[in-house]
$ cat final25.txt   # compact mmCIF, C-alpha atoms
# COMPACT_ATOMS: atom_id res chain seq x y z
CA MET A 239 252.64 71.11 -53.42
CA GLU A 240 250.89 74.30 -54.30
CA ARG A 241 250.55 73.04 -57.84
CA LEU A 242 248.86 69.85 -56.69
CA ILE A 243 246.28 71.85 -54.68
CA LYS A 244 245.38 73.94 -57.74
CA LEU A 245 244.93 70.84 -59.89
CA PHE A 246 242.61 69.32 -57.24
CA LEU A 247 240.43 72.45 -57.03
CA ILE A 248 240.13 72.65 -60.79
CA SER A 249 239.09 68.99 -61.10
CA PHE A 250 236.44 69.46 -58.36
CA LEU A 251 234.90 72.74 -59.56
CA LEU A 252 234.72 72.00 -63.30
CA PRO A 253 231.79 69.48 -63.01
CA LEU A 254 229.84 71.94 -60.80
CA VAL A 255 230.28 74.69 -63.36
CA GLY A 256 229.10 72.39 -66.13
CA LEU A 257 226.02 71.32 -64.16
CA THR A 258 225.10 74.95 -63.45
CA ALA A 259 225.43 75.80 -67.12
CA CYS A 260 223.15 72.89 -68.07
CA GLN A 261 220.48 74.03 -65.62
CA GLN A 262 220.61 77.58 -66.92
CA GLU A 263 220.27 76.35 -70.49
CA GLY A 264 217.20 74.05 -69.58
CA GLY A 265 215.16 76.78 -67.71
CA PRO A 266 213.23 76.50 -64.35
CA PRO A 267 211.99 73.07 -63.03
CA PRO A 268 208.57 71.93 -64.33
CA ALA A 269 205.41 72.89 -62.32
CA PRO A 270 203.62 70.12 -60.36
CA PRO A 271 200.63 68.54 -62.16
CA THR A 272 197.13 69.90 -61.54
CA PRO A 273 195.46 67.75 -58.83
CA GLU A 274 192.54 65.65 -59.97
CA VAL A 275 189.38 65.45 -57.84
CA GLN A 276 186.09 63.63 -58.22
CA VAL A 277 183.04 65.89 -58.07
CA MET A 278 179.29 65.39 -58.02
CA THR A 279 177.00 67.94 -59.65
CA ILE A 280 174.08 68.74 -57.34
CA VAL A 281 170.64 67.93 -58.75
CA ALA A 282 167.55 68.86 -56.71
CA LYS A 283 164.98 66.06 -56.48
CA THR A 284 161.79 65.04 -54.69
CA ILE A 285 162.49 62.37 -52.09
CA PRO A 286 160.57 60.55 -49.35
CA ASP A 287 161.12 62.42 -46.09
CA GLU A 288 160.93 59.71 -43.44
CA VAL A 289 161.76 59.94 -39.77
CA GLU A 290 161.90 57.42 -36.95
CA PHE A 291 160.44 57.60 -33.46
CA ILE A 292 160.68 55.27 -30.49
CA GLY A 293 157.37 53.54 -29.77
CA GLN A 294 155.89 50.96 -27.42
CA THR A 295 153.30 48.36 -28.29
CA ALA A 296 149.96 48.20 -26.46
CA SER A 297 147.03 45.83 -26.78
CA PHE A 298 144.06 46.98 -28.81
CA ARG A 299 141.56 46.42 -25.96
CA PRO A 300 142.98 45.91 -22.46
CA VAL A 301 139.98 44.90 -20.31
CA GLU A 302 140.08 44.59 -16.51
CA ILE A 303 137.99 41.75 -15.13
CA ARG A 304 136.27 42.58 -11.83
CA SER A 305 133.37 40.91 -10.07
CA GLN A 306 129.98 42.67 -10.07
CA VAL A 307 129.00 40.91 -6.81
CA THR A 308 130.63 40.26 -3.48
CA GLY A 309 131.20 36.58 -2.83
CA MET A 310 133.57 33.62 -2.60
CA ILE A 311 135.41 32.35 -5.70
CA LYS A 312 134.32 28.76 -6.23
CA LYS A 313 136.09 27.96 -9.52
CA VAL A 314 138.63 29.47 -11.93
CA LEU A 315 137.41 28.28 -15.34
CA PHE A 316 140.10 29.47 -17.77
CA THR A 317 143.73 28.57 -18.48
CA GLU A 318 146.07 31.45 -17.79
CA GLY A 319 147.87 32.79 -20.85
CA ARG A 320 145.65 30.93 -23.31
CA ASP A 321 143.29 32.66 -25.73
CA VAL A 322 139.65 32.96 -24.67
CA LYS A 323 136.59 33.68 -26.77
CA LYS A 324 134.05 36.40 -26.15
CA GLY A 325 131.48 35.05 -23.67
CA GLU A 326 133.73 32.24 -22.42
CA LYS A 327 133.43 31.56 -18.66
CA LEU A 328 136.30 32.79 -16.51
CA TYR A 329 135.23 32.57 -12.85
CA LEU A 330 132.36 31.15 -10.80
CA ILE A 331 131.34 32.95 -7.62
CA ASP A 332 129.53 30.68 -5.12
CA PRO A 333 125.91 31.04 -6.33
CA VAL A 334 124.08 29.58 -3.29
CA PRO A 335 123.37 32.87 -1.45
CA PHE A 336 122.36 34.52 -4.71
CA GLU A 337 119.98 31.70 -5.60
CA ALA A 338 118.37 32.20 -2.19
CA SER A 339 118.05 35.92 -2.85
CA VAL A 340 116.32 35.20 -6.16
CA ALA A 341 113.87 32.84 -4.49
CA SER A 342 113.13 35.37 -1.72
CA ALA A 343 112.59 38.18 -4.22
CA LYS A 344 110.32 35.98 -6.29
CA GLY A 345 108.25 35.27 -3.19
CA ARG A 346 107.86 38.97 -2.45
CA VAL A 347 106.64 39.49 -5.99
CA GLY A 348 103.96 36.84 -5.36
CA GLN A 349 102.92 38.56 -2.15
CA ALA A 350 102.68 41.91 -3.95
CA LEU A 351 100.54 40.34 -6.68
CA ALA A 352 98.16 38.87 -4.09
CA ARG A 353 97.86 42.18 -2.26
CA LEU A 354 97.20 43.99 -5.53
CA ALA A 355 94.49 41.51 -6.47
CA GLN A 356 92.83 41.99 -3.07
CA ALA A 357 93.01 45.79 -3.36
CA ARG A 358 91.43 45.72 -6.79
CA ALA A 359 88.64 43.47 -5.61
CA GLU A 360 87.94 45.72 -2.60
CA LEU A 361 87.78 48.80 -4.81
CA ALA A 362 85.45 47.05 -7.23
CA ARG A 363 83.17 46.07 -4.31
CA VAL A 364 82.86 49.47 -2.60
CA THR A 365 82.60 51.67 -5.70
CA PRO A 366 78.92 50.74 -6.59
CA LEU A 367 77.92 50.88 -2.89
CA LEU A 368 78.87 54.57 -2.78
CA ALA A 369 76.01 55.38 -5.19
CA GLU A 370 73.61 53.61 -2.86
CA GLN A 371 75.14 55.42 0.14
CA ALA A 372 75.87 52.04 1.69
CA VAL A 373 79.50 53.11 2.25
CA SER A 374 81.12 56.46 2.84
CA GLN A 375 83.42 58.36 0.49
CA LYS A 376 86.27 57.64 2.89
CA ASP A 377 85.84 53.91 2.38
CA VAL A 378 86.18 54.38 -1.38
CA ASP A 379 89.20 56.63 -0.97
CA ASP A 380 90.87 54.07 1.29
CA ALA A 381 90.28 51.36 -1.29
CA ILE A 382 91.83 53.49 -4.04
CA ALA A 383 94.88 54.24 -1.86
CA GLU A 384 95.29 50.56 -1.02
CA LYS A 385 95.24 49.65 -4.71
CA LEU A 386 97.89 52.29 -5.53
CA ALA A 387 100.08 51.12 -2.64
CA ALA A 388 99.78 47.51 -3.80
CA GLU A 389 100.82 48.48 -7.31
CA ALA A 390 103.87 50.34 -5.97
CA THR A 391 104.80 47.37 -3.78
CA LEU A 392 104.63 45.11 -6.82
CA VAL A 393 106.94 47.40 -8.80
CA THR A 394 109.46 47.39 -5.93
CA ALA A 395 109.27 43.63 -5.57
CA LYS A 396 109.81 43.11 -9.29
CA GLY A 397 112.83 45.44 -9.19
CA ASP A 398 114.34 43.47 -6.29
CA TRP A 399 113.70 40.25 -8.22
CA GLU A 400 115.47 41.59 -11.32
CA LYS A 401 118.43 42.74 -9.18
CA ALA A 402 118.64 39.30 -7.54
CA LYS A 403 118.58 37.58 -10.94
CA PHE A 404 121.22 40.01 -12.21
CA ASP A 405 123.48 39.21 -9.27
CA LEU A 406 122.96 35.48 -9.81
CA ARG A 407 123.92 35.79 -13.48
CA ASN A 408 127.06 37.68 -12.48
CA THR A 409 128.26 34.83 -10.31
CA ARG A 410 129.42 33.46 -13.67
CA ILE A 411 132.06 35.94 -14.89
CA VAL A 412 132.59 35.72 -18.64
CA ALA A 413 135.05 37.31 -21.07
CA PRO A 414 133.63 40.56 -22.51
CA VAL A 415 136.06 40.39 -25.48
CA ALA A 416 138.11 37.76 -27.24
CA GLY A 417 141.77 37.91 -26.31
CA ARG A 418 144.52 36.57 -24.09
CA PRO A 419 144.14 36.75 -20.29
CA GLU A 420 146.97 37.43 -17.87
CA ARG A 421 147.59 35.42 -14.71
CA SER A 422 144.70 35.30 -12.27
CA GLN A 423 145.21 37.57 -9.28
CA LEU A 424 142.82 35.57 -7.06
CA TYR A 425 141.97 31.89 -6.83
CA GLU A 426 139.43 29.49 -5.28
CA GLY A 427 138.33 30.29 -1.75
CA ARG A 428 139.11 33.99 -1.94
CA LEU A 429 136.41 36.51 -0.98
CA VAL A 430 136.10 39.24 -3.60
CA SER A 431 134.42 42.61 -3.23
CA ALA A 432 132.08 43.89 -5.89
CA GLN A 433 133.76 46.22 -8.45
CA THR A 434 136.89 46.45 -6.30
CA ASP A 435 139.18 43.44 -6.56
CA LEU A 436 140.97 42.95 -9.90
CA LEU A 437 140.69 39.30 -10.93
CA THR A 438 142.68 39.41 -14.19
CA SER A 439 143.06 41.40 -17.41
CA ILE A 440 142.33 40.36 -20.99
CA HIS A 441 144.28 41.81 -23.90
CA GLN A 442 142.78 41.86 -27.35
CA MET A 443 145.94 41.14 -29.32
CA ASP A 444 144.87 41.76 -32.89
CA PRO A 445 145.24 44.48 -34.04
CA MET A 446 148.09 45.94 -31.98
CA TYR A 447 148.66 49.59 -31.12
CA VAL A 448 152.05 51.31 -31.06
CA ASN A 449 152.19 54.55 -29.05
CA VAL A 450 154.84 57.14 -29.93
CA ASN A 451 155.77 60.56 -28.56
CA VAL A 452 156.50 63.18 -31.23
CA PRO A 453 158.81 66.03 -30.08
CA GLU A 454 157.44 69.55 -30.22
CA SER A 455 160.51 70.73 -32.18
CA TYR A 456 159.76 68.21 -34.94
CA ILE A 457 156.09 69.26 -35.16
CA LEU A 458 156.99 72.96 -35.37
CA ARG A 459 159.56 72.30 -38.10
CA ARG A 460 157.06 70.23 -40.07
CA GLN A 461 154.47 73.00 -39.81
CA ARG A 462 156.93 75.54 -41.22
CA GLU A 463 157.93 73.22 -44.07
CA LEU A 464 154.32 72.47 -44.98
CA ALA A 465 153.44 76.17 -44.93
CA ALA A 466 156.41 76.95 -47.21
CA HIS A 467 155.44 74.05 -49.54
CA ARG A 468 158.86 72.46 -49.05
CA VAL A 469 157.19 69.27 -47.86
CA GLU A 470 153.96 67.61 -48.96
CA ARG A 471 151.91 64.92 -47.25
CA PRO A 472 148.52 63.21 -47.64
CA ASP A 473 145.72 63.48 -45.11
CA LEU A 474 147.13 63.12 -41.59
CA PHE A 475 145.44 59.79 -40.96
CA GLN A 476 146.75 58.36 -44.24
CA LEU A 477 150.32 58.44 -42.94
CA LYS A 478 151.85 54.99 -42.76
CA GLY A 479 154.29 53.47 -40.33
CA MET A 480 156.92 50.76 -40.68
CA MET A 481 157.95 48.95 -37.51
CA ILE A 482 161.59 48.07 -36.79
CA MET A 483 161.97 45.46 -34.08
CA ALA A 484 164.58 45.43 -31.30
CA ASP A 485 166.84 43.08 -33.30
CA GLY A 486 166.81 45.39 -36.35
CA THR A 487 164.38 43.35 -38.44
CA THR A 488 161.43 45.04 -40.14
CA TYR A 489 157.91 43.92 -39.28
CA PRO A 490 156.34 42.60 -42.50
CA HIS A 491 153.08 44.57 -42.22
CA GLU A 492 152.52 48.31 -42.52
CA GLY A 493 150.57 50.27 -39.91
CA THR A 494 148.34 53.34 -40.16
CA LEU A 495 148.18 56.42 -37.98
CA ASP A 496 144.83 56.23 -36.18
CA PHE A 497 145.20 58.78 -33.36
CA ALA A 498 146.96 62.12 -32.89
CA GLY A 499 146.96 63.87 -29.51
CA THR A 500 145.49 67.30 -28.87
CA ARG A 501 147.78 68.55 -26.08
CA PHE A 502 151.50 68.47 -25.35
CA ARG A 503 152.80 66.60 -22.36
CA SER A 504 154.70 69.13 -20.28
CA GLU A 505 157.09 66.55 -18.80
CA THR A 506 158.36 65.45 -22.24
CA ASP A 507 157.47 68.39 -24.55
CA SER A 508 155.90 65.91 -26.93
CA LEU A 509 152.58 65.07 -28.52
CA SER A 510 151.27 61.51 -28.34
CA ALA A 511 150.33 59.60 -31.48
CA ARG A 512 149.27 56.03 -32.16
CA PHE A 513 149.67 53.61 -35.06
CA LYS A 514 147.61 50.47 -35.60
CA PHE A 515 149.23 47.30 -36.95
CA PRO A 516 147.80 43.87 -37.78
CA ASN A 517 149.19 41.29 -35.36
CA THR A 518 149.94 38.13 -37.28
CA ARG A 519 150.38 34.72 -35.74
CA GLN A 520 153.55 32.72 -36.36
CA ARG A 521 154.34 29.07 -35.92
CA MET A 522 157.36 28.49 -33.74
CA PHE A 523 158.38 25.02 -34.93
CA PRO A 524 158.26 23.17 -38.29
CA GLY A 525 155.15 21.05 -38.48
CA ASP A 526 153.41 22.96 -35.67
CA ARG A 527 149.74 22.02 -35.89
CA ASP A 528 148.48 24.39 -33.23
CA SER A 529 145.44 26.20 -34.61
CA HIS A 530 146.39 29.26 -32.51
CA PRO A 531 150.17 29.78 -32.83
CA LEU A 532 151.90 32.60 -31.04
CA TYR A 533 151.32 36.24 -31.97
CA SER A 534 154.19 38.19 -33.53
CA LEU A 535 153.69 41.21 -31.24
CA PHE A 536 153.11 41.47 -27.51
CA PRO A 537 152.14 44.48 -25.36
CA GLY A 538 155.03 46.44 -23.88
CA GLN A 539 157.64 45.90 -26.62
CA PHE A 540 159.90 48.84 -27.52
CA VAL A 541 160.18 49.36 -31.29
CA LYS A 542 161.03 52.05 -33.83
CA ILE A 543 158.34 53.51 -36.08
CA ARG A 544 159.43 54.90 -39.44
CA VAL A 545 156.78 57.38 -40.59
CA ARG A 546 156.01 57.29 -44.32
CA GLY A 547 154.00 59.67 -46.44
CA TYR A 548 155.94 62.96 -46.33
CA MET A 549 157.65 64.00 -49.60
CA ARG A 550 160.37 66.69 -49.68
CA LYS A 551 160.55 68.86 -52.80
CA ASP A 552 163.80 70.27 -54.29
CA ALA A 553 165.93 68.31 -51.84
CA ILE A 554 169.72 68.73 -51.99
CA LEU A 555 171.53 65.47 -51.22
CA VAL A 556 175.32 65.21 -50.84
CA PRO A 557 177.31 62.02 -50.17
CA GLN A 558 178.26 61.74 -46.51
CA ARG A 559 181.97 61.45 -47.35
CA ALA A 560 181.84 64.87 -49.07
CA VAL A 561 180.75 66.64 -45.88
CA GLN A 562 183.71 67.50 -43.63
CA GLN A 563 183.78 68.52 -39.99
CA GLY A 564 185.67 71.70 -39.18
CA PRO A 565 186.21 73.82 -36.04
CA LYS A 566 183.15 75.91 -36.92
CA GLY A 567 180.91 73.09 -38.12
CA LEU A 568 180.24 71.16 -41.30
CA PHE A 569 181.61 72.26 -44.68
CA VAL A 570 182.19 71.04 -48.26
CA TYR A 571 184.60 71.93 -51.05
CA VAL A 572 182.99 73.24 -54.24
CA VAL A 573 184.69 73.61 -57.64
CA ASN A 574 183.59 76.87 -59.26
CA GLY A 575 183.35 77.79 -62.93
CA GLU A 576 187.09 78.62 -63.04
CA ASP A 577 188.01 75.13 -61.76
CA THR A 578 189.10 76.62 -58.44
CA VAL A 579 188.25 75.10 -55.07
CA GLU A 580 185.95 77.08 -52.74
CA PHE A 581 185.21 76.50 -49.05
CA ARG A 582 181.45 76.30 -48.26
CA PRO A 583 179.97 75.96 -44.75
CA VAL A 584 176.74 73.91 -44.91
CA THR A 585 173.77 73.06 -42.71
CA ALA A 586 172.87 69.37 -42.78
CA SER A 587 169.66 68.18 -41.15
CA SER A 588 169.40 64.40 -41.56
CA TRP A 589 170.73 61.30 -43.25
CA HIS A 590 169.09 59.65 -46.25
CA GLY A 591 170.83 56.35 -46.82
CA GLN A 592 174.46 57.28 -47.56
CA GLU A 593 173.76 60.97 -48.16
CA TRP A 594 173.25 64.13 -46.12
CA LEU A 595 170.19 66.28 -46.65
CA ILE A 596 171.63 69.80 -46.98
CA GLU A 597 169.41 72.66 -45.85
CA ASP A 598 171.76 75.54 -46.71
CA GLY A 599 175.20 76.14 -48.21
CA VAL A 600 175.05 74.52 -51.67
CA HIS A 601 172.57 74.77 -54.50
CA GLU A 602 171.51 72.90 -57.60
CA GLY A 603 174.29 72.89 -60.21
CA ASP A 604 177.17 73.22 -57.72
CA ARG A 605 180.05 70.76 -58.17
CA VAL A 606 180.93 69.28 -54.80
CA VAL A 607 184.24 67.49 -54.22
CA VAL A 608 183.72 63.88 -53.09
CA GLU A 609 187.21 62.38 -53.55
CA GLY A 610 190.71 63.92 -53.46
CA PHE A 611 190.50 66.18 -50.37
CA HIS A 612 194.13 65.59 -49.34
CA ARG A 613 195.42 67.26 -52.52
CA ILE A 614 193.45 70.51 -52.34
CA ARG A 615 192.77 73.60 -50.28
CA PRO A 616 190.67 76.74 -50.92
CA GLY A 617 191.99 78.53 -54.01
CA THR A 618 193.61 75.44 -55.53
CA ARG A 619 193.10 74.99 -59.26
CA VAL A 620 191.99 71.44 -59.97
CA LYS A 621 190.97 69.05 -62.70
CA SER A 622 187.51 67.66 -61.96
CA VAL A 623 186.13 64.32 -63.09
CA PRO A 624 182.65 62.85 -62.35
CA TYR A 625 182.34 60.94 -59.10
CA GLN A 626 181.72 57.21 -59.52
CA PRO A 627 180.34 55.70 -56.29
CA ALA A 628 181.50 52.20 -55.53
CA PRO A 629 178.65 49.65 -55.40
CA SER A 630 177.92 48.30 -51.94
CA PRO A 631 175.22 46.17 -50.29
CA SER A 632 173.79 49.29 -48.69
CA ASP A 633 172.79 50.55 -52.14
CA ALA A 634 169.98 47.98 -52.28
CA PRO A 635 166.54 49.66 -52.36
CA ASP A 636 165.27 47.95 -49.21
CA SER A 637 168.32 48.56 -47.02
CA GLY A 638 168.52 52.34 -46.91
CA ALA A 639 168.50 53.77 -43.42
CA ALA A 640 165.76 56.14 -42.46
CA PRO A 641 166.78 59.73 -41.70
CA GLN A 642 167.75 60.49 -38.15
CA GLU A 643 166.82 63.76 -36.51
CA LYS A 644 169.99 65.82 -36.06
CA THR A 645 170.69 66.80 -32.46
$ encode --input "final25.txt" --output "structure tokens"
Amino acid sequence: MERLIKLFLISFLLPLVGLTACQQEGGPPPAPPTPEVQVMTIVAKTIPDEVEFIGQTASFRPVEIRSQVTGMIKKVLFTEGRDVKKGEKLYLIDPVPFEASVASAKGRVGQALARLAQARAELARVTPLLAEQAVSQKDVDDAIAEKLAAEATLVTAKGDWEKAKFDLRNTRIVAPVAGRPERSQLYEGRLVSAQTDLLTSIHQMDPMYVNVNVPESYILRRQRELAAHRVERPDLFQLKGMMIMADGTTYPHEGTLDFAGTRFRSETDSLSARFKFPNTRQRMFPGDRDSHPLYSLFPGQFVKIRVRGYMRKDAILVPQRAVQQGPKGLFVYVVNGEDTVEFRPVTASSWHGQEWLIEDGVHEGDRVVVEGFHRIRPGTRVKSVPYQPAPSPSDAPDSGAAPQEKT
């Protein structure tokens, strides 16, 4: 029995001894292969520096229509919501009392003319009699005073006549500008007070304004960048604006900055600005023969305005996928001259299409890791190959997203 146990141990241990000897003869196990990563070499470039703001459309000339006279509305002469021309009749105030006032004022002018003619004749009669001492000096003085009083009465009467004719003309309320009126606030039979009651409003629709509020922080940053020559721009009022509608479509016409505020609004810490856009008309249905189809823009719409004209010099752009989020903020991996991975915290300010604009952390010539993060850590030696971005629809020139202000 003891012999059988020895034979079993020998047969079991001999293969293990042989395997150990083979391992000792072959040396240590091979080292793992060097990880391969895709890198992009940073190249500084000049790029458009565009930013978007929320804006609201407003009509070019909003005009309030109020009566210049107190009276009863006799007719409403326009169609609500339809375009009107400059000078087109809108309302008719009952003209009867105003026609009577014109006639009465005209009569007083006639009376004043008759009195003046009598005063002149009296003065002409008594003046030569004074030399003959047929009348006294007082009689001449009275005649002169009567003539002056008659002339003053005539001036007053003519003024009353002009005012009466003015009031009569204003019984016909006309459009001061061409545009589109809102609904009428008052209708036939309503008594309106002069310069008090709002009848309607007319909006001049073309061109169209877009009002935006520019944050103070953005203006201060722009001032610093312009002073440091990091950003260039044309004259302020040569800045352009592209309008993005609520459904994400881009308005086909470019606008121009035509107003910049002079004081900050304390409630919003922002400065007001205004862009002016042409307001094109569009036909709503195939074969529409309406000579005045609908406008593309209406007052009160909320839109986005992408400001164009600023150019950033020596910009550092890094693909978004290369920028990682860590406990202490954003960072990237950089491959140094010894093909070793380094950890770099970065400051990113805004997006440009599919890339981050980096303000600090990397420089021109640095090789930033874009693919292969799961195989590396700081200090790892790697094999780097150029990054080849995959083509996508977002690479089209007209589909790049505008930069967003980082919050």
$ residues_around --input "final25.txt" --residues "A:Tyr425" --least-positions-apart "2" --cutoff "12 Å" --atoms "only C-alpha atoms" --output "count of residues only"
23
$ closest_residue --input "final25.txt" --among "A:Gly309, A:Gly325, A:Gly617, A:Pro537" --to "A:Asn574" --atoms "only C-alpha atoms"
A:Gly617
$ atom_distance --input "final25.txt" --atom1 "atom CA of A:Phe291" --atom2 "atom CA of A:Gly538"
15.7 Å
$ atom_distance --input "final25.txt" --atom1 "atom CA of A:Leu595" --atom2 "atom CA of A:Leu509"
25.3 Å
$ atom_distance --input "final25.txt" --atom1 "atom CA of A:Glu290" --atom2 "atom CA of A:Gly479"
9.2 Å
$ residues_near_point --input "final25.txt" --point "(191.8, 65.1, -45.1)" --cutoff "12 Å" --atoms "all atoms listed in the file" --output "ChimeraX atom specification"
/A:559-564,570-571,608-615
$ residues_around --input "final25.txt" --residues "A:Met483" --least-positions-apart "5" --cutoff "8 Å" --atoms "all atoms listed in the file" --output "VMD selection string"
chain A and resid 488 to 489 540 to 542
$ closest_residue --input "final25.txt" --among "A:Arg582, A:Gln371, A:Arg353, A:Val415" --to "A:Ala390" --atoms "only C-alpha atoms"
A:Arg353
$ residues_around --input "final25.txt" --residues "A:Phe497" --least-positions-apart "5" --cutoff "10 Å" --atoms "all atoms listed in the file" --output "CSV table (one decimal) with C-alpha atoms, keeping the file's coordinate frame"
chain,number,residue,atom,x,y,z
A,449,ASN,CA,152.2,54.6,-29.0
A,474,LEU,CA,147.1,63.1,-41.6
A,475,PHE,CA,145.4,59.8,-41.0
A,510,SER,CA,151.3,61.5,-28.3
A,511,ALA,CA,150.3,59.6,-31.5
A,512,ARG,CA,149.3,56.0,-32.2
A,513,PHE,CA,149.7,53.6,-35.1
A,514,LYS,CA,147.6,50.5,-35.6
$ closest_atom_pairs --input "final25.txt" --of "stretch 364-425 of chain A" --to "stretch 338-351 of chain A" --cutoff "9 Å" --atoms "all atoms listed in the file" --output "JSON lines"
{"residue": "A:Ala388", "atom": "CA", "partner": "A:Ala350", "partner_atom": "CA", "distance": 6.3}
{"residue": "A:Glu389", "atom": "CA", "partner": "A:Ala350", "partner_atom": "CA", "distance": 7.6}
{"residue": "A:Ala390", "atom": "CA", "partner": "A:Ala350", "partner_atom": "CA", "distance": 8.7}
{"residue": "A:Thr391", "atom": "CA", "partner": "A:Ala350", "partner_atom": "CA", "distance": 5.9}
{"residue": "A:Leu392", "atom": "CA", "partner": "A:Ala350", "partner_atom": "CA", "distance": 4.7}
{"residue": "A:Val393", "atom": "CA", "partner": "A:Val347", "partner_atom": "CA", "distance": 8.4}
{"residue": "A:Thr394", "atom": "CA", "partner": "A:Val347", "partner_atom": "CA", "distance": 8.4}
{"residue": "A:Ala395", "atom": "CA", "partner": "A:Val347", "partner_atom": "CA", "distance": 4.9}
{"residue": "A:Lys396", "atom": "CA", "partner": "A:Val347", "partner_atom": "CA", "distance": 5.8}
{"residue": "A:Gly397", "atom": "CA", "partner": "A:Ala343", "partner_atom": "CA", "distance": 8.8}
{"residue": "A:Asp398", "atom": "CA", "partner": "A:Ala343", "partner_atom": "CA", "distance": 5.9}
{"residue": "A:Trp399", "atom": "CA", "partner": "A:Ala343", "partner_atom": "CA", "distance": 4.6}
{"residue": "A:Glu400", "atom": "CA", "partner": "A:Val340", "partner_atom": "CA", "distance": 8.3}
{"residue": "A:Lys401", "atom": "CA", "partner": "A:Val340", "partner_atom": "CA", "distance": 8.4}
{"residue": "A:Ala402", "atom": "CA", "partner": "A:Val340", "partner_atom": "CA", "distance": 4.9}
{"residue": "A:Lys403", "atom": "CA", "partner": "A:Val340", "partner_atom": "CA", "distance": 5.8}
{"residue": "A:Asp405", "atom": "CA", "partner": "A:Val340", "partner_atom": "CA", "distance": 8.8}
{"residue": "A:Leu406", "atom": "CA", "partner": "A:Val340", "partner_atom": "CA", "distance": 7.6}
$ closest_residue --input "final25.txt" --among "A:Pro333, A:Pro583, A:Gly575, A:Pro286" --to "A:Val307" --atoms "all atoms listed in the file"
A:Pro333
$ closest_residue --input "final25.txt" --among "A:Leu555, A:Ile280, A:Val450, A:Val378" --to "A:Ala357" --atoms "only C-alpha atoms"
A:Val378
$ decode --input "final25.txt" --residues "stretch 568-583 of chain A" --atoms "N, CA and C atoms" --output "PDB file, in the first residue's frame"
ATOM      1  N   LEU A 568     -13.448  70.803 -15.619  1.00  0.00           N
ATOM      2  CA  LEU A 568     -13.122  70.216 -16.915  1.00  0.00           C
ATOM      3  C   LEU A 568     -11.616  69.946 -17.030  1.00  0.00           C
ATOM      4  N   PHE A 569     -11.282  68.878 -17.786  1.00  0.00           N
ATOM      5  CA  PHE A 569      -9.873  68.567 -17.999  1.00  0.00           C
ATOM      6  C   PHE A 569      -9.727  67.823 -19.322  1.00  0.00           C
ATOM      7  N   VAL A 570      -8.477  67.748 -19.816  1.00  0.00           N
ATOM      8  CA  VAL A 570      -8.139  66.957 -21.005  1.00  0.00           C
ATOM      9  C   VAL A 570      -6.874  66.164 -20.703  1.00  0.00           C
ATOM     10  N   TYR A 571      -6.636  65.139 -21.521  1.00  0.00           N
ATOM     11  CA  TYR A 571      -5.385  64.394 -21.474  1.00  0.00           C
ATOM     12  C   TYR A 571      -4.508  64.860 -22.634  1.00  0.00           C
ATOM     13  N   VAL A 572      -3.253  65.156 -22.329  1.00  0.00           N
ATOM     14  CA  VAL A 572      -2.299  65.632 -23.320  1.00  0.00           C
ATOM     15  C   VAL A 572      -1.129  64.662 -23.384  1.00  0.00           C
ATOM     16  N   VAL A 573      -0.691  64.323 -24.593  1.00  0.00           N
ATOM     17  CA  VAL A 573       0.482  63.461 -24.784  1.00  0.00           C
ATOM     18  C   VAL A 573       1.694  64.370 -24.973  1.00  0.00           C
ATOM     19  N   ASN A 574       2.683  64.225 -24.068  1.00  0.00           N
ATOM     20  CA  ASN A 574       3.852  65.107 -24.128  1.00  0.00           C
ATOM     21  C   ASN A 574       4.889  64.574 -25.114  1.00  0.00           C
ATOM     22  N   GLY A 575       6.046  65.227 -25.140  1.00  0.00           N
ATOM     23  CA  GLY A 575       7.089  64.851 -26.088  1.00  0.00           C
ATOM     24  C   GLY A 575       7.665  63.476 -25.846  1.00  0.00           C
ATOM     25  N   GLU A 576       7.485  62.914 -24.641  1.00  0.00           N
ATOM     26  CA  GLU A 576       7.985  61.574 -24.322  1.00  0.00           C
ATOM     27  C   GLU A 576       6.902  60.521 -24.489  1.00  0.00           C
ATOM     28  N   ASP A 577       5.816  60.882 -25.172  1.00  0.00           N
ATOM     29  CA  ASP A 577       4.688  59.966 -25.417  1.00  0.00           C
ATOM     30  C   ASP A 577       4.072  59.476 -24.117  1.00  0.00           C
ATOM     31  N   THR A 578       4.044  60.358 -23.115  1.00  0.00           N
ATOM     32  CA  THR A 578       3.443  60.040 -21.830  1.00  0.00           C
ATOM     33  C   THR A 578       2.219  60.928 -21.618  1.00  0.00           C
ATOM     34  N   VAL A 579       1.188  60.367 -21.032  1.00  0.00           N
ATOM     35  CA  VAL A 579      -0.073  61.085 -20.843  1.00  0.00           C
ATOM     36  C   VAL A 579       0.039  62.037 -19.659  1.00  0.00           C
ATOM     37  N   GLU A 580      -0.420  63.282 -19.856  1.00  0.00           N
ATOM     38  CA  GLU A 580      -0.489  64.278 -18.787  1.00  0.00           C
ATOM     39  C   GLU A 580      -1.943  64.697 -18.553  1.00  0.00           C
ATOM     40  N   PHE A 581      -2.244  65.027 -17.324  1.00  0.00           N
ATOM     41  CA  PHE A 581      -3.563  65.540 -16.933  1.00  0.00           C
ATOM     42  C   PHE A 581      -3.532  67.070 -16.983  1.00  0.00           C
ATOM     43  N   ARG A 582      -4.482  67.709 -17.714  1.00  0.00           N
ATOM     44  CA  ARG A 582      -4.499  69.168 -17.830  1.00  0.00           C
ATOM     45  C   ARG A 582      -5.900  69.718 -17.503  1.00  0.00           C
ATOM     46  N   PRO A 583      -6.049  70.452 -16.421  1.00  0.00           N
ATOM     47  CA  PRO A 583      -7.326  71.164 -16.208  1.00  0.00           C
ATOM     48  C   PRO A 583      -7.446  72.306 -17.221  1.00  0.00           C
TER      49      PRO A 583
END
